[in-house]
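Colleague: So here's start30.cif, just mmCIF, C-alpha atoms:
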data_coords
#
loop_
_atom_site.label_atom_id
_atom_site.label_comp_id
_atom_site.auth_asym_id
_atom_site.auth_seq_id
_atom_site.Cartn_x
_atom_site.Cartn_y
_atom_site.Cartn_z
CA MET A 279 76.54 299.37 43.18
CA ASN A 280 78.81 300.06 46.09
CA LEU A 281 79.88 297.20 48.30
CA PHE A 282 79.91 298.94 51.65
CA SER A 283 77.36 301.71 51.34
CA GLY A 284 74.26 299.69 52.17
CA ALA A 285 71.77 300.98 54.71
CA THR A 286 72.31 297.93 56.92
CA LEU A 287 76.04 298.50 57.30
CA HIS A 288 75.45 302.15 58.08
CA ALA A 289 72.78 301.35 60.66
CA LEU A 290 75.01 298.72 62.32
CA GLU A 291 77.85 301.23 62.44
CA GLN A 292 75.65 303.84 64.09
CA GLY A 293 74.44 301.20 66.53
CA LEU A 294 78.02 300.28 67.46
CA ASN A 295 78.89 303.94 67.96
CA GLY A 296 75.91 304.40 70.24
CA ALA A 297 76.66 301.24 72.21
CA ALA A 298 80.29 302.31 72.70
CA LEU A 299 79.19 305.71 73.98
CA LYS A 300 76.68 304.03 76.25
CA GLN A 301 79.43 301.79 77.62
CA ARG A 302 81.55 304.83 78.44
CA THR A 303 78.60 306.53 80.11
CA ILE A 304 77.81 303.47 82.24
CA SER A 305 81.51 303.29 83.21
CA GLN A 306 81.33 306.92 84.26
CA ASN A 307 78.17 306.37 86.32
CA ILE A 308 79.56 303.32 88.09
CA ALA A 309 82.86 305.13 88.69
CA ASN A 310 80.96 307.92 90.42
CA VAL A 311 78.63 305.74 92.46
CA ASP A 312 80.02 307.16 95.73
CA THR A 313 80.58 310.74 94.59
CA PRO A 314 78.43 313.32 96.39
CA ASN A 315 76.30 315.57 94.17
CA TYR A 316 76.96 313.45 91.07
CA LYS A 317 74.00 313.09 88.74
CA ALA A 318 73.69 309.97 86.59
CA LYS A 319 74.17 310.37 82.86
CA LYS A 320 72.20 308.66 80.17
CA VAL A 321 72.77 308.11 76.46
CA VAL A 322 69.89 308.88 74.16
CA PHE A 323 70.30 307.13 70.85
CA GLN A 324 67.81 304.34 70.41
CA HIS A 325 65.07 306.74 69.39
CA ALA A 326 67.45 308.59 67.07
CA LEU A 327 68.33 305.29 65.41
CA ASP A 328 64.68 304.34 65.01
CA GLU A 329 63.91 307.74 63.51
CA ALA A 330 66.79 307.51 61.11
CA MET A 331 65.74 304.08 59.94
CA GLU A 332 62.07 304.94 59.51
CA GLY A 333 62.80 308.32 57.97
CA LYS A 334 60.81 310.00 60.71
CA ALA A 335 63.45 312.60 61.47
CA PHE A 336 62.21 316.08 62.25
CA GLN A 337 61.51 317.53 58.81
CA ALA A 338 61.24 321.18 57.87
CA TYR A 339 57.93 322.22 56.33
CA LYS A 340 58.84 323.51 52.90
CA ARG A 341 56.47 325.32 50.54
CA ASP A 342 59.16 326.36 48.15
CA ASN A 343 62.12 324.31 46.97
CA ARG A 344 64.43 327.22 47.81
CA HIS A 345 63.64 326.70 51.49
CA ILE A 346 66.39 325.15 53.54
CA ASP A 347 66.16 321.89 55.51
CA PHE A 348 66.82 321.81 59.22
CA SER A 349 70.36 320.79 59.85
CA ASN A 350 69.88 317.55 61.77
CA SER A 351 73.39 316.24 61.56
CA ASN A 352 73.69 316.81 65.32
CA SER A 353 70.32 315.48 66.37
CA ARG A 354 70.82 312.15 64.66
CA GLY A 355 73.84 310.98 66.58
CA PRO A 356 73.79 309.67 70.13
CA TYR A 357 74.16 312.24 72.87
CA VAL A 358 74.57 312.27 76.65
CA THR A 359 72.05 313.84 79.00
CA SER A 360 72.17 314.28 82.74
CA GLN A 361 69.30 313.17 84.95
CA LYS A 362 68.82 316.01 87.37
CA GLY A 363 66.05 316.38 89.91
CA THR A 364 66.14 312.92 91.47
CA MET A 365 68.09 311.70 94.47
CA TYR A 366 68.95 308.08 95.19
CA ASN A 367 71.35 308.50 98.07
CA HIS A 368 71.51 310.95 100.96
CA ASN A 369 74.41 312.76 99.32
CA GLN A 370 72.43 314.08 96.31
CA ASN A 371 73.82 311.26 94.19
CA ASN A 372 71.31 309.53 91.92
CA VAL A 373 73.22 306.57 90.51
CA ASP A 374 71.09 303.44 90.77
CA ILE A 375 73.80 300.76 90.82
CA ASP A 376 71.40 297.88 90.12
CA MET A 377 70.02 299.63 87.07
CA GLU A 378 73.51 300.49 85.85
CA MET A 379 74.68 296.87 86.16
CA ALA A 380 71.59 295.67 84.29
CA GLU A 381 72.18 298.27 81.57
CA LEU A 382 75.80 297.14 81.40
CA ALA A 383 74.78 293.53 80.75
CA LYS A 384 72.17 294.62 78.23
CA ASN A 385 74.57 296.86 76.39
CA GLN A 386 77.14 294.09 76.16
CA ILE A 387 74.66 291.70 74.60
CA TYR A 388 73.45 294.39 72.23
CA TYR A 389 77.01 295.17 71.16
CA ASN A 390 77.79 291.48 70.61
CA ALA A 391 74.61 291.06 68.57
CA LEU A 392 75.56 293.99 66.36
CA ILE A 393 79.02 292.52 65.81
CA GLU A 394 77.49 289.14 64.91
CA ARG A 395 75.23 290.83 62.36
CA LEU A 396 78.13 292.79 60.92
CA ASN A 397 80.14 289.59 60.60
CA GLY A 398 77.17 287.93 58.89
CA ARG A 399 77.11 290.75 56.37
CA PHE A 400 80.81 290.47 55.68
CA ASN A 401 80.62 286.69 55.38
CA SER A 402 77.89 287.01 52.75
CA LEU A 403 80.07 289.45 50.84
CA GLN A 404 83.01 287.10 51.13
CA THR A 405 80.93 284.22 49.82
CA ALA A 406 79.93 286.34 46.85
CA ILE A 407 83.55 287.39 46.21
CA LYS A 408 84.78 283.82 46.27
CA GLY A 409 81.97 282.74 43.97
CA GLY A 410 80.49 280.36 46.51
CA ARG A 411 83.67 278.31 46.88
CA MET B 66 87.56 309.94 72.68
CA THR B 67 88.24 306.30 72.03
CA ILE B 68 86.76 303.21 73.62
CA PHE B 69 89.93 303.01 75.73
CA HIS B 70 88.47 306.03 77.44
CA GLY B 71 86.12 303.63 79.26
CA PHE B 72 89.16 301.89 80.74
CA ASN B 73 90.54 305.17 82.05
CA THR B 74 87.20 306.05 83.62
CA THR B 75 87.00 302.70 85.41
CA ALA B 76 90.68 302.81 86.37
CA SER B 77 90.21 306.18 88.07
CA ALA B 78 87.34 304.71 90.08
CA LEU B 79 89.43 301.66 91.06
CA THR B 80 92.17 304.01 92.28
CA ALA B 81 89.69 306.10 94.25
CA GLN B 82 88.03 303.09 95.89
CA ARG B 83 91.39 301.57 96.78
CA LEU B 84 92.41 304.85 98.38
CA ARG B 85 89.17 304.76 100.36
CA MET B 86 90.08 301.29 101.60
CA ASP B 87 93.58 302.53 102.53
CA VAL B 88 92.07 305.38 104.52
CA VAL B 89 89.77 302.95 106.33
CA SER B 90 92.81 300.79 107.13
CA ALA B 91 94.65 303.83 108.49
CA ASN B 92 91.66 304.74 110.65
CA MET B 93 91.32 301.22 112.00
CA ALA B 94 95.06 300.92 112.66
CA ASN B 95 95.03 304.18 114.61
CA ALA B 96 91.83 303.53 116.54
CA GLU B 97 93.77 303.74 119.82
CA SER B 98 96.53 306.20 118.91
CA THR B 99 96.59 308.95 121.51
CA ARG B 100 99.73 310.68 120.25
CA ALA B 101 99.17 311.60 116.62
CA ARG B 102 100.08 315.28 116.63
CA LEU B 103 101.75 317.74 118.94
CA VAL B 104 99.53 320.83 119.41
CA ASN B 105 100.97 323.60 121.67
CA GLY B 106 103.13 321.07 123.48
CA GLU B 107 100.17 318.74 124.12
CA TRP B 108 99.57 315.45 122.39
CA GLU B 109 96.37 315.24 120.39
CA PRO B 110 94.82 311.88 119.47
CA TYR B 111 94.43 310.67 115.91
CA ARG B 112 91.51 312.17 114.00
CA ARG B 113 89.41 310.00 111.71
CA LYS B 114 90.17 310.68 108.04
CA MET B 115 87.69 310.75 105.16
CA VAL B 116 88.14 311.01 101.40
CA VAL B 117 86.40 313.64 99.32
CA MET B 118 85.54 312.53 95.80
CA GLU B 119 84.28 314.48 92.83
CA PRO B 120 83.71 313.77 89.12
CA ASN B 121 86.88 314.42 87.14
CA GLN B 122 85.96 317.22 84.79
CA LYS B 123 89.09 319.27 84.91
CA ALA B 124 90.53 317.81 81.72
CA PHE B 125 90.95 320.25 78.86
CA SER B 126 88.91 318.06 76.51
CA SER B 127 85.80 318.29 78.68
CA TYR B 128 85.89 322.12 78.53
CA LEU B 129 86.55 322.04 74.81
CA ASN B 130 83.65 319.67 74.22
CA LYS B 131 81.33 321.80 76.30
CA ALA B 132 82.37 324.95 74.46
CA MET B 133 81.91 323.29 71.09
CA ASN B 134 78.54 321.89 72.16
CA HIS B 135 79.58 318.29 71.60
CA LEU B 136 77.14 316.38 73.75
CA ASN B 137 78.83 313.00 73.48
CA ASP B 138 81.25 313.35 76.38
CA PRO B 139 80.18 311.39 79.46
CA GLY B 140 83.13 312.59 81.58
CA GLN B 141 86.54 311.39 82.70
CA GLY B 142 85.75 309.30 85.75
CA VAL B 143 86.24 310.18 89.37
CA LYS B 144 89.04 311.61 91.48
CA VAL B 145 89.83 312.10 95.12
CA THR B 146 90.28 315.83 95.67
CA ARG B 147 91.52 315.64 99.24
CA ILE B 148 91.53 313.68 102.47
CA ILE B 149 89.84 315.60 105.26
CA GLU B 150 89.72 315.07 109.01
CA ASP B 151 86.55 314.35 110.93
CA ARG B 152 85.99 317.25 113.37
CA THR B 153 83.69 315.36 115.74
CA PRO B 154 84.88 315.39 119.39
CA PHE B 155 87.17 312.72 120.79
CA LYS B 156 85.95 309.89 122.96
CA LEU B 157 86.71 310.41 126.66
CA VAL B 158 87.55 307.26 128.63
CA TYR B 159 88.37 307.12 132.33
CA GLN B 160 91.90 305.66 132.58
CA PRO B 161 93.81 307.43 135.38
CA ASN B 162 96.99 305.37 134.85
CA HIS B 163 97.34 306.33 131.21
CA PRO B 164 100.29 308.67 130.54
CA ASP B 165 98.06 310.96 128.43
CA ALA B 166 95.25 311.21 130.98
CA ASN B 167 94.20 314.72 132.07
CA GLN B 168 93.88 315.96 135.68
CA GLU B 169 90.50 314.26 136.11
CA GLY B 170 91.90 310.95 134.85
CA TYR B 171 90.22 310.95 131.44
CA VAL B 172 92.05 310.04 128.23
CA SER B 173 90.78 311.35 124.92
CA LEU B 174 90.81 308.56 122.35
CA PRO B 175 90.50 308.97 118.55
CA ASN B 176 87.02 309.65 117.11
CA VAL B 177 87.22 306.42 115.13
CA ASP B 178 84.13 304.24 115.25
CA PRO B 179 85.10 300.70 114.14
CA LEU B 180 81.52 299.95 113.12
CA ARG B 181 81.36 302.90 110.79
CA GLU B 182 84.76 302.01 109.36
CA MET B 183 83.62 298.46 108.59
CA VAL B 184 80.54 299.76 106.80
CA ASP B 185 82.73 302.14 104.81
CA LEU B 186 85.09 299.29 103.96
CA LEU B 187 82.19 297.16 102.73
CA SER B 188 80.87 299.99 100.61
CA ALA B 189 84.31 300.57 99.07
CA THR B 190 84.75 296.85 98.38
CA ARG B 191 81.39 296.59 96.65
CA SER B 192 82.07 299.66 94.53
CA TYR B 193 85.46 298.23 93.62
CA GLU B 194 83.83 294.97 92.52
CA ALA B 195 81.24 296.83 90.45
CA ASN B 196 84.02 298.67 88.67
CA VAL B 197 85.94 295.46 88.02
CA THR B 198 82.79 294.07 86.39
CA THR B 199 82.55 297.18 84.23
CA LEU B 200 86.18 296.85 83.23
CA ASN B 201 85.65 293.23 82.19
CA ALA B 202 82.53 294.16 80.21
CA THR B 203 84.40 296.90 78.35
CA LYS B 204 87.30 294.54 77.68
CA ASN B 205 84.99 291.84 76.32
CA MET B 206 83.34 294.36 74.02
CA LEU B 207 86.73 295.45 72.69
CA MET B 208 87.79 291.85 72.10
CA LYS B 209 84.53 291.24 70.30
CA ALA B 210 85.07 294.31 68.12
CA LEU B 211 88.39 292.81 67.02
CA GLU B 212 86.44 289.89 65.56
CA ILE B 213 84.70 292.07 62.97
CA GLY B 214 85.36 290.69 59.50
CA ARG B 215 86.98 287.53 60.73
#
Can the structure from this file be put into structure tokens for me?

Modeller:
Amino acid sequence: MNLFSGATLHALEQGLNGAALKQRTISQNIANVDTPNYKAKKVVFQHALDEAMEGKAFQAYKRDNRHIDFSNSNSRGPYVTSQKGTMYNHNQNNVDIDMEMAELAKNQIYYNALIERLNGRFNSLQTAIKGGR
Amino acid sequence: MTIFHGFNTTASALTAQRLRMDVVSANMANAESTRARLVNGEWEPYRRKMVVMEPNQKAFSSYLNKAMNHLNDPGQGVKVTRIIEDRTPFKLVYQPNHPDANQEGYVSLPNVDPLREMVDLLSATRSYEANVTTLNATKNMLMKALEIGR
């Protein structure tokens, strides 16, 4: 059995990656709160994470075992989309500063929670390594 | 593409907002300046200045990421492309004793509206504060990440 290849560690890692990307995206949105024609960006990863954990990723329908799976290495990771079509200010900008600040706080707590979990994992491992001493 | 990238994004916004405040200060300071520029031997009053901002996407990495279809690049913050002058007409005030008054006794004063400048200043200050909050949030996350495995 491998020490670090558990599903939990992998999921936590993916979660941290997504939260870090989300942090950068929120920074970008808040930085451009006064920029005309700027459209807010959004990170899509929560659903990807859920899918990955429940094994509900988009599967190819295979009738023969020589058929090839969809390559979903790209679709699993977090990605950034732009929210076009709405307007929040008179200058075509659609950054909702209140929402961004709320997302910022949420993301921070989420990130901290993930770190706490990761530390819990490592502490359990350490306890096992030291034989409970 | 590291997490330090978030710092750079926020830093660019802090620079831009500070520049906006500087421009507001310049406008307010020159609200009564009647001799800003010599045009065809005649003094022209100060013109109100404005900043033009746009998302900073000129970096090579953003083009590379787009070309390679990497969708995990939120952008590189904001930048001030230029400072432009407000072309609205000057205010005309009747002051016959003023050295820059015309034949009818009117002086053209800068097109600076102190009210509008104060609103702009407030907006810049609030944006600056929002970005400082973001910077602190990013910093706290980084510090927390250093605690992994401790």

Colleague: Considering only C-alpha atoms, can you say which of A:Lys320, A:Lys384, A:Arg395, A:Lys300 comes closest to Ile213 of chain B?

Modeller: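 Ranking A:Lys320, A:Lys384, A:Arg395, A:Lys300 by distance to Ile213 of chain B, first place goes to A:Arg395.
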
Colleague: Can you list, as a short mmCIF file (atom, residue, chain, number, x, y, z; two decimals) with C-alpha atoms, keeping the file's coordinate frame, every protein, DNA or RNA residue that comes within 10 Å of Ala91 of chain B when you count all atoms listed in the file, leaving out same-chain residues fewer than 5 positions away?

Modeller:
data_model
loop_
_atom_site.label_atom_id
_atom_site.label_comp_id
_atom_site.auth_asym_id
_atom_site.auth_seq_id
_atom_site.Cartn_x
_atom_site.Cartn_y
_atom_site.Cartn_z
CA ARG B 85 89.17 304.76 100.36
CA MET B 86 90.08 301.29 101.60
CA ALA B 96 91.83 303.53 116.54
CA ARG B 113 89.41 310.00 111.71
CA LYS B 114 90.17 310.68 108.04
#

Colleague: In terms of the shortest atom-to-atom distance over only C-alpha atoms, which of B:Lys131, B:His70, B:Arg83, B:Arg191 is closest to chain A?

Modeller: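 Once distances to chain A are computed over only C-alpha atoms, the minimum belongs to B:His70.
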
Colleague: Can you pull out the residues contacting Thr359 of chain A? Cut-off 7 Å, using all atoms listed in the file, and skip same-chain residues under 2 positions away; I want them as a list in words.

Modeller: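 Result of the neighbour search: Lys319, Lys320, Val321, Tyr357 and Gln361 of chain A.
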
Colleague: For atom CA of Ile387 of chain A and atom CA of Lys209 of chain B, quote the distance in Å rounded to one decimal.

Modeller: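 Distance between the two atoms: 10.8 Å.
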
Colleague: Take the PyMOL selection byres ((chain B) within 10 of (chain A)), run it mentally on this structure, and tell me the resulting residues as a ChimeraX atom specification.

Modeller: /B:66-79,81-82,117-121,134-145,188-189,192-193,195-196,198-200,202-203,205-207,209-215

Colleague: I'd like the residues picked by the PyMOL selection byres ((chain B and resi 100) around 9) written out as number ranges by chain, using the chain letters and numbers from the file.

Modeller: B: 98-99, 101-103, 107-111, 165

Colleague: Return the single residue from B:Val177, B:Ala166, B:Val116, B:Val158 that is closest to Asn95 of chain B, with distances computed using all atoms listed in the file.

Modeller: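 Checking each of B:Val177, B:Ala166, B:Val116, B:Val158 against Asn95 of chain B, counting all atoms listed in the file, the winner is B:Val177.
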
Colleague: Quick one, how far is atom CA of Met115 of chain B from atom CA of Ile149 of chain B?

Modeller: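 Rounded to one decimal, the two atoms are 5.3 Å apart.
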
Colleague: One decimal, in Å: what's the spacing between atom CA of Leu174 of chain B and atom CA of Glu97 of chain B?

Modeller: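 Answer for the atom CA of Leu174 of chain B to atom CA of Glu97 of chain B separation: 6.2 Å.
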
Colleague: Could you check which residues have any atom within 8 Å of (87.9, 315.3, 121.0), counting only C-alpha atoms with coordinates taken straight from the file, and then list them as a PyMOL selection string?

Modeller: chain B and resi 110+153-157+173-176

Colleague: When you look at Tyr159 of chain B with a cut-off of 8 Å (counting only C-alpha atoms), what residues show up, excluding the ones that are within fewer than 6 positions of it in the same chain? I need them as a list in words.

Modeller: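 Neighbouring residues, sequence-local ones excluded: Gly170, Tyr171 and Val172 of chain B.
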
Colleague: Nearest to Pro179 of chain B among B:Asn105, B:Asn201, B:Ser127, B:Asn92, with distances taken over only C-alpha atoms: which residue is it?

Modeller: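 Checking each candidate against Pro179 of chain B, we get B:Asn92 as the closest.
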